[in-house]
Every structure is written in C-alpha cells, then in structure tokens.
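Presented below is the structure to which this report refers.
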Amino acid sequence: ETLSHLTRFPGNNDIMAQSQETLGALYKCGMSVNDNDRIWALRAMQNITAYSSKRGFFANDDLLSVLCRSAERLEFVDEHEAAISVIGNLCTDPSSVVQVVNTANVVRALVNVANNIEYSEEIQFVACDALATIAMWMQRVARAASVPEGFSYEPLPTLKTT
C-alpha cells in the first residue's frame, strides 16, 4: 500500500520504474492470493506507467503475464480496470509495443475485454484504444520498411483475386 502511495507523486515514478527491487515487489504482489495486495500493486503499476518515461521496464513477460491474468478477473473490478489501464499505458510507448505484442495472451486479453459486455464501457474503450494504438504503431513500422530487391511493391490489400 505504501509503495502504491509513493507512485502518486510523478517525480518518483522514473526512479521506481528503473528499480529491480520495485519491479520485483510489484510482480510478487501482483501474483499474491490476497486481493488487496494485487489491487495495490496494479494501481502502483498504473501510476508509474502513466507518468514515467521509463515505462519500457514494465514491458517484460513476467509483468505482462500478471497483467493479463488480472485483466480477465471479472469479479474484481478495481483489479481488471488497473490491469487494462497499465497495458493501455504501455501501448503508448513505442519501445514497449513490440514486447506487448510478442507476449503470449496480451492481445488476446485486450480483444476479450473489448468484446465482453460484462466489462464496463470505459474499460472496453481503454482496451479498444490499446488495440488501436498497437495497430497505429504497427502501421508506422510497416510504412517505414522498404521492399527488398527482387520483390514488387503492392500495397495491401491488393484487391486482386486469384
């Protein structure tokens, strides 16, 4: 709980995001069987990823797995709201998007939340926004790529049938 309150001050967040001890504590609390521990840890992650320029430290398989598990716990509204918000915050950082997309179940969890009417409209909106942001970054990367020699350039979709 104390750690979560420290993250309410944006000046603390860059330092806390770089601390392996902090990340380890948040991971352990995020995996806790105690509901309150999980919620406090997720709220701390939400605060840190909202203001920190170092949010890329949160884009790792372990923490993203915790976020996916929490995002799909319908019975704990505070927990899934915070988890989806953290994923949404990570998607705004181009250095985090590749890890978010490559981690098993993150995109699946976002699609599930976006399409499940048991979640609030606000959380469905955050999930949709995260998916749209991922798509925007992917489009930007694809647009910057070049066509290798020997291949013809055809924009997708080609609208050609075979």
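Following the order of the structure tokens, first chain is A, next is B, and so on, with residues numbered from 1 inside each chain and ligands from 1 in the order they appear.
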
Listing only residues of segment 66-130 of chain A within 10 Å of segment 21-34 of chain A, what is the closest atom pair and its distance in Å (to one decimal) for each, using only C-alpha atoms, sorted by chain and residue number ascending, as a Markdown table?
| residue | atom | partner | partner_atom | distance |
| --- | --- | --- | --- | --- |
| A:Val66 | CA | A:Gly30 | CA | 6.2 |
| A:Leu67 | CA | A:Gly30 | CA | 8.0 |
| A:Arg69 | CA | A:Met31 | CA | 9.0 |
| A:Ser70 | CA | A:Gly30 | CA | 8.2 |
| A:Glu79 | CA | A:Gly30 | CA | 9.6 |
| A:Ala83 | CA | A:Gly30 | CA | 9.8 |

Review point. If we count only C-alpha atoms, what is near segment 56-61 of chain A at a cut-off of 12 Å, once residues fewer than 6 positions away on the same chain are taken out, given as a PyMOL selection string?
Key: chain A and resi 13-20+22-24+26-27+42+44-50+67-68+86-106

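The interatomic distance for the pair atom CA of Ser4 of chain A and atom CA of Ala130 of chain A works out to 23.4 Å.
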
Point to revise | Near-Tyr119 of chain A list (12 Å; only C-alpha atoms; drop same-chain fewer than 5 positions) as a VMD selection string | key: chain A and resid 71 to 81 84 110 to 114 124 to 127

Point to revise | Per-residue DSSP, chain A, filtered to alpha helix (DSSP H), as number ranges by chain | key: A: 2-6, 10-18, 20-30, 35-51, 61-71, 77-91, 94-102, 106-115, 121-144

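Straight-line separation from atom CA of Leu64 of chain A to atom CA of Arg38 of chain A: 13.8 Å.
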